[in-house]
Amino acid sequence: MINIAVTGAAGRMGSGIIKKVVEQENMELVAAIEIPNSPLESKDIGEVIGIGSIGVPVTGAQDLKSVLKSSGAEVLVDFTIASAAFNTIRVASNLGVNLIVGTTGFTDEQKKEIHNFVNENNVKAVLSSNMSIGVNVFFKALKDITPFLYDFDIEIIEAHHNKKKDSPSGTAMTAFNVIAKELNRSPEEVAIYGRQGLVGERTNKEIGLHAIRGGDIVGDHTVMFVGEGERIEISHKAHTREVFIAGVMRALNFIENAVPGKVNDMADVLGLN
Ligand SMILES: NC(=O)C1=CN([C@@H]2O[C@H](COP(=O)(O)OP(=O)(O)OC[C@H]3O[C@@H](n4cnc5c(N)ncnc54)[C@H](OP(=O)(O)O)[C@@H]3O)[C@@H](O)[C@H]2O)C=CC1
Ligand SMILES: O=C(O)C1=N[C@H](C(=O)O)C[C@H](O)C1
């Protein structure tokens, strides 16, 4: 049995993950954590997310440390917001709780620190900007084709729902980093976040990132490789959050046998590396 705590329990991803966890024979939800001093505190999380009482009350994140300890949580699943998740990850890893993190928007500095927390505390971890199988194959396809297209102009376009807070998406940033690495280009030097005004001609080395927000788009990502007289477009479109939730379930089943102290990504979980 895997004892699971979920932060962001009432959110779009957190609630979907809880609905799936409670259906699994080898998993038990032991804690449902929301923002500090949440108005949902003490309510049954099952009632909050519309599946009826499941006997797990919502806890406010001000009690994160004590609830992780008292609930016997072995794995924490975090889909919240980077500013909050960073502290959550620090607290959980210090307590020896394993981690599955899908939250996006971490700075490079925060990502380095997260690797240190995992390493120093020897916990097991999966961190990925996108848990879907399709997107992780999309990353692999980008890695494979980019070296052949080194002199094409490369632009990354993502589209998401109007409630998304971070931009560009974590998936767009991962795609960008995969491409920049394959081309030996320094990410800080080549990233162009949108264009406005008299920006001049496009340089050959730059990589554009563009974010669209609207309605209920679950998550679309396209990379355009544009040459003279032709172009290649590689796209992934998520139709439902179930694809991310299915990836989280794969990660939960993977984590028990993961190498302690290492931050795995979904390519490790899916055997794509
Ligand atoms: N890796 C992947 O495959 C995917 C990643 N994501 C990422 O996951 C994150 C969440 O997305 P989504 O579920 O749509 O967002 P939501 O806003 O629906 O959910 C986030 C939840 O976290 C709560 N929260 C905020 N701070 C804390 C805290 N300190 N402790 C506990 N809970 C907290 C929020 O409360 P409140 O609303 O009151 O602030 C909210 O209920 C984003 O970063 C998104 O980019 C999303 C989909 C897939
Ligand atoms: O906020 C979302 O919704 C999503 N966030 C992730 C990201 O930032 O890449 C993954 C997915 O695209 C949905």
# chains A, B, ... in the order shown; residues from 1 in each chain; ligands from 1

call {"tool": "residues_near_ligand", "arguments": {"ligand": "ligand 2", "cutoff": "10 Å", "atoms": "only C-alpha atoms and all ligand atoms", "output": "JSON, numbers by chain"}}
result
{"A": [12, 13, 79, 80, 81, 102, 103, 104, 105, 128, 129, 130, 131, 132, 135, 158, 159, 160, 161, 162, 163, 164, 165, 166, 167, 168, 169, 170, 171, 172, 173, 174, 175, 216, 217, 218, 219, 220, 221, 236, 237, 238, 240, 241, 243, 244]}

call {"tool": "write_last_selection", "arguments": {"atoms": "N, CA and C atoms", "output": "short mmCIF file (atom, residue, chain, number, x, y, z; two decimals), in the first residue's frame"}}
result
data_model
loop_
_atom_site.label_atom_id
_atom_site.label_comp_id
_atom_site.auth_asym_id
_atom_site.auth_seq_id
_atom_site.Cartn_x
_atom_site.Cartn_y
_atom_site.Cartn_z
N ARG A 12 -7.57 21.75 -10.06
CA ARG A 12 -7.93 20.97 -11.26
C ARG A 12 -7.17 19.64 -11.28
N MET A 13 -5.85 19.67 -11.09
CA MET A 13 -5.08 18.43 -11.13
C MET A 13 -5.22 17.65 -9.83
N PHE A 79 0.76 19.49 -7.22
CA PHE A 79 0.38 20.29 -8.40
C PHE A 79 -0.22 21.57 -7.84
N THR A 80 0.63 22.57 -7.59
CA THR A 80 0.15 23.82 -6.98
C THR A 80 0.67 25.02 -7.76
N ILE A 81 1.58 25.77 -7.15
CA ILE A 81 2.17 26.93 -7.81
C ILE A 81 3.62 27.00 -7.33
N GLY A 102 4.43 17.98 -10.33
CA GLY A 102 4.06 18.39 -11.69
C GLY A 102 3.96 19.89 -11.82
N THR A 103 4.11 20.58 -10.71
CA THR A 103 4.02 22.05 -10.72
C THR A 103 5.07 22.63 -11.67
N THR A 104 4.69 23.68 -12.38
CA THR A 104 5.60 24.32 -13.33
C THR A 104 5.91 25.75 -12.87
N GLY A 105 6.88 26.36 -13.53
CA GLY A 105 7.19 27.77 -13.27
C GLY A 105 8.34 27.97 -12.29
N SER A 128 8.30 16.52 -13.39
CA SER A 128 8.13 16.67 -14.83
C SER A 128 7.13 17.78 -15.14
N SER A 129 7.47 18.59 -16.13
CA SER A 129 6.58 19.68 -16.55
C SER A 129 5.35 19.12 -17.25
N ASN A 130 5.41 17.88 -17.68
CA ASN A 130 4.25 17.30 -18.36
C ASN A 130 4.28 15.79 -18.18
N MET A 131 3.22 15.25 -17.57
CA MET A 131 3.18 13.83 -17.22
C MET A 131 2.60 12.97 -18.34
N SER A 132 2.13 13.57 -19.43
CA SER A 132 1.48 12.74 -20.45
C SER A 132 2.50 11.93 -21.25
N VAL A 135 3.36 13.83 -24.66
CA VAL A 135 4.33 14.94 -24.61
C VAL A 135 5.75 14.42 -24.41
N GLU A 158 2.67 27.80 -27.48
CA GLU A 158 1.82 27.00 -26.58
C GLU A 158 0.50 27.71 -26.35
N ALA A 159 -0.56 26.94 -26.09
CA ALA A 159 -1.87 27.51 -25.80
C ALA A 159 -2.48 26.77 -24.61
N HIS A 160 -3.03 27.54 -23.68
CA HIS A 160 -3.66 26.98 -22.47
C HIS A 160 -4.91 27.76 -22.09
N HIS A 161 -5.66 27.19 -21.16
CA HIS A 161 -6.89 27.78 -20.60
C HIS A 161 -6.62 29.13 -19.92
N ASN A 162 -7.69 29.87 -19.73
CA ASN A 162 -7.54 31.24 -19.19
C ASN A 162 -7.32 31.30 -17.68
N LYS A 163 -7.20 30.15 -17.01
CA LYS A 163 -6.92 30.15 -15.56
C LYS A 163 -5.43 29.90 -15.28
N LYS A 164 -4.68 29.59 -16.33
CA LYS A 164 -3.26 29.25 -16.11
C LYS A 164 -2.50 30.49 -15.64
N LYS A 165 -1.63 30.28 -14.63
CA LYS A 165 -0.96 31.44 -14.03
C LYS A 165 0.44 31.66 -14.59
N ASP A 166 1.19 30.59 -14.91
CA ASP A 166 2.58 30.77 -15.35
C ASP A 166 2.68 30.77 -16.88
N SER A 167 3.68 31.47 -17.36
CA SER A 167 3.89 31.59 -18.81
C SER A 167 5.36 31.88 -19.10
N PRO A 168 5.94 31.29 -20.18
CA PRO A 168 5.37 30.21 -20.98
C PRO A 168 5.18 28.95 -20.12
N SER A 169 4.45 28.00 -20.65
CA SER A 169 4.19 26.77 -19.91
C SER A 169 5.49 26.03 -19.60
N GLY A 170 5.42 25.20 -18.57
CA GLY A 170 6.59 24.39 -18.23
C GLY A 170 6.98 23.48 -19.38
N THR A 171 5.98 22.97 -20.10
CA THR A 171 6.25 22.08 -21.23
C THR A 171 6.99 22.82 -22.34
N ALA A 172 6.56 24.05 -22.62
CA ALA A 172 7.25 24.85 -23.64
C ALA A 172 8.70 25.09 -23.23
N MET A 173 8.90 25.34 -21.93
CA MET A 173 10.27 25.58 -21.45
C MET A 173 11.12 24.31 -21.55
N THR A 174 10.50 23.15 -21.26
CA THR A 174 11.26 21.89 -21.41
C THR A 174 11.62 21.68 -22.88
N ALA A 175 10.65 21.90 -23.77
CA ALA A 175 10.92 21.73 -25.22
C ALA A 175 12.06 22.66 -25.64
N ASP A 216 -11.04 27.04 -22.38
CA ASP A 216 -10.76 25.80 -21.64
C ASP A 216 -9.70 24.93 -22.32
N ILE A 217 -8.80 25.56 -23.09
CA ILE A 217 -7.75 24.75 -23.78
C ILE A 217 -6.95 24.00 -22.72
N VAL A 218 -6.87 22.70 -22.84
CA VAL A 218 -6.18 21.88 -21.83
C VAL A 218 -4.66 22.07 -21.93
N GLY A 219 -4.12 22.05 -23.16
CA GLY A 219 -2.67 22.25 -23.31
C GLY A 219 -2.21 21.84 -24.69
N ASP A 220 -1.86 22.85 -25.52
CA ASP A 220 -1.36 22.59 -26.88
C ASP A 220 0.08 23.09 -26.97
N HIS A 221 0.92 22.33 -27.63
CA HIS A 221 2.32 22.76 -27.86
C HIS A 221 2.72 22.45 -29.29
N HIS A 236 1.72 18.66 -30.15
CA HIS A 236 1.00 17.77 -29.24
C HIS A 236 -0.19 18.55 -28.70
N LYS A 237 -1.34 17.93 -28.65
CA LYS A 237 -2.53 18.58 -28.09
C LYS A 237 -3.17 17.65 -27.07
N ALA A 238 -3.28 18.13 -25.84
CA ALA A 238 -3.98 17.34 -24.81
C ALA A 238 -5.47 17.68 -24.88
N THR A 240 -7.68 16.26 -22.72
CA THR A 240 -8.24 16.07 -21.38
C THR A 240 -7.09 15.99 -20.36
N ARG A 241 -7.37 16.43 -19.13
CA ARG A 241 -6.34 16.32 -18.06
C ARG A 241 -6.11 14.87 -17.66
N VAL A 243 -4.90 12.63 -19.30
CA VAL A 243 -3.60 12.14 -19.79
C VAL A 243 -2.48 12.47 -18.80
N PHE A 244 -2.61 13.63 -18.11
CA PHE A 244 -1.60 13.97 -17.09
C PHE A 244 -1.80 13.08 -15.86
#

call {"tool": "select_by_dssp", "arguments": {"residues": "segment 81-252 of chain A", "states": "helix (DSSP H, G or I)", "output": "ChimeraX atom specification"}}
result
/A:82-94,108-121,133-149,170-182,187-190,242-252

call {"tool": "select_by_dssp", "arguments": {"residues": "segment 76-234 of chain A", "states": "strand (DSSP E)", "output": "JSON, numbers by chain"}}
result
{"A": [76, 77, 78, 98, 99, 100, 101, 125, 126, 127, 153, 154, 155, 156, 157, 158, 159, 160, 191, 192, 193, 207, 208, 209, 210, 211, 212, 213, 219, 220, 221, 222, 223, 224, 225, 226, 231, 232, 233, 234]}

call {"tool": "residues_around", "arguments": {"residues": "segment 145-155 of chain A", "least_positions_apart": "4", "cutoff": "7 Å", "atoms": "only C-alpha atoms", "output": "ChimeraX atom specification"}}
result
/A:141,179,182-183,204,207-209,223-227

call {"tool": "write_last_selection", "arguments": {"atoms": "C-alpha atoms", "output": "CSV table (one decimal), in the first residue's frame"}}
result
chain,number,residue,atom,x,y,z
A,141,ALA,CA,11.1,13.4,-31.2
A,179,ILE,CA,16.3,22.0,-28.4
A,182,GLU,CA,20.9,19.7,-28.9
A,183,LEU,CA,22.1,22.8,-30.7
A,204,ASN,CA,19.3,32.7,-36.9
A,207,ILE,CA,14.4,30.6,-30.4
A,208,GLY,CA,11.0,32.2,-30.0
A,209,LEU,CA,8.5,31.3,-27.3
A,223,VAL,CA,7.4,23.6,-32.4
A,224,MET,CA,7.9,25.1,-35.9
A,225,PHE,CA,11.2,24.5,-37.7
A,226,VAL,CA,11.1,27.0,-40.6
A,227,GLY,CA,13.5,26.8,-43.5

call {"tool": "residues_around", "arguments": {"residues": "Ser38 of chain A", "least_positions_apart": "6", "cutoff": "12 Å", "atoms": "only C-alpha atoms", "output": "ChimeraX atom specification"}}
result
/A:8-10,32,57-63

call {"tool": "write_last_selection", "arguments": {"atoms": "N, CA and C atoms", "output": "short mmCIF file (atom, residue, chain, number, x, y, z; two decimals), in the first residue's frame"}}
result
data_model
loop_
_atom_site.label_atom_id
_atom_site.label_comp_id
_atom_site.auth_asym_id
_atom_site.auth_seq_id
_atom_site.Cartn_x
_atom_site.Cartn_y
_atom_site.Cartn_z
N GLY A 8 -2.56 20.95 -3.12
CA GLY A 8 -3.41 21.46 -4.20
C GLY A 8 -4.60 20.53 -4.39
N ALA A 9 -5.05 19.93 -3.27
CA ALA A 9 -6.04 18.84 -3.31
C ALA A 9 -7.36 19.21 -3.98
N ALA A 10 -7.73 20.50 -3.91
CA ALA A 10 -9.01 20.90 -4.50
C ALA A 10 -8.84 21.50 -5.90
N ALA A 32 -4.90 15.51 2.44
CA ALA A 32 -5.34 16.39 1.35
C ALA A 32 -5.07 17.82 1.81
N PRO A 57 -9.93 14.70 5.87
CA PRO A 57 -10.24 16.13 5.94
C PRO A 57 -9.18 16.97 5.23
N VAL A 58 -9.59 18.10 4.70
CA VAL A 58 -8.63 19.04 4.12
C VAL A 58 -7.83 19.68 5.25
N THR A 59 -6.50 19.76 5.03
CA THR A 59 -5.62 20.44 6.00
C THR A 59 -5.06 21.68 5.32
N GLY A 60 -4.86 22.75 6.07
CA GLY A 60 -4.20 23.94 5.53
C GLY A 60 -2.69 23.75 5.52
N ALA A 61 -2.03 24.34 4.54
CA ALA A 61 -0.58 24.12 4.39
C ALA A 61 0.23 24.72 5.54
N GLN A 62 -0.40 25.53 6.40
CA GLN A 62 0.33 26.01 7.59
C GLN A 62 0.70 24.83 8.49
N ASP A 63 -0.04 23.70 8.35
CA ASP A 63 0.24 22.51 9.17
C ASP A 63 0.94 21.41 8.36
#

call {"tool": "atom_distance", "arguments": {"atom1": "atom 11 (O, counted along the ligand's line) of ligand 1", "atom2": "atom CA of Gly14 of chain A"}}
result
7.9 Å

call {"tool": "closest_residue", "arguments": {"among": "A:Lys65, A:Lys205, A:His115, A:Arg195", "to": "ligand 1", "atoms": "only C-alpha atoms and all ligand atoms"}}
result
A:Lys65

call {"tool": "closest_residue", "arguments": {"among": "A:Arg185, A:Lys140, A:Arg250, A:Lys69", "to": "ligand 1", "atoms": "only C-alpha atoms and all ligand atoms"}}
result
A:Arg250

call {"tool": "residues_around", "arguments": {"residues": "Leu76 of chain A", "least_positions_apart": "5", "cutoff": "10 Å", "atoms": "only C-alpha atoms", "output": "list in words"}}
result
Asn3, Ile4, Ala5, Val6, Thr7, Val30, Ala31, Ala32, Leu68, Thr88, Ile89, Ala92, Ser93, Val97, Asn98, Leu99, Ile100, Val101, Ala125 and Leu252 of chain A

call {"tool": "write_last_selection", "arguments": {"atoms": "C-alpha atoms", "output": "PDB file, in the first residue's frame"}}
result
ATOM      1  CA  ASN A   3       0.317   6.207   1.503  1.00  0.00           C
ATOM      2  CA  ILE A   4      -0.227   9.369  -0.520  1.00  0.00           C
ATOM      3  CA  ALA A   5      -0.545  13.043   0.425  1.00  0.00           C
ATOM      4  CA  VAL A   6      -1.748  15.549  -2.190  1.00  0.00           C
ATOM      5  CA  THR A   7      -1.095  19.302  -2.117  1.00  0.00           C
ATOM      6  CA  VAL A  30      -3.759   9.898   3.771  1.00  0.00           C
ATOM      7  CA  ALA A  31      -3.677  13.708   3.491  1.00  0.00           C
ATOM      8  CA  ALA A  32      -5.337  16.388   1.352  1.00  0.00           C
ATOM      9  CA  LEU A  68       2.936  14.819   6.717  1.00  0.00           C
ATOM     10  CA  THR A  88       6.501  22.153   0.227  1.00  0.00           C
ATOM     11  CA  ILE A  89       9.255  20.158  -1.491  1.00  0.00           C
ATOM     12  CA  ALA A  92       8.645  17.003   2.558  1.00  0.00           C
ATOM     13  CA  SER A  93      12.131  15.961   1.516  1.00  0.00           C
ATOM     14  CA  VAL A  97       8.764  11.871   2.062  1.00  0.00           C
ATOM     15  CA  ASN A  98       9.137  10.865  -1.613  1.00  0.00           C
ATOM     16  CA  LEU A  99       7.960  13.338  -4.245  1.00  0.00           C
ATOM     17  CA  ILE A 100       5.962  13.524  -7.448  1.00  0.00           C
ATOM     18  CA  VAL A 101       5.948  17.111  -8.653  1.00  0.00           C
ATOM     19  CA  ALA A 125      11.458  11.833  -6.797  1.00  0.00           C
ATOM     20  CA  LEU A 252       3.277   6.592  -8.300  1.00  0.00           C
TER      21      LEU A 252
END
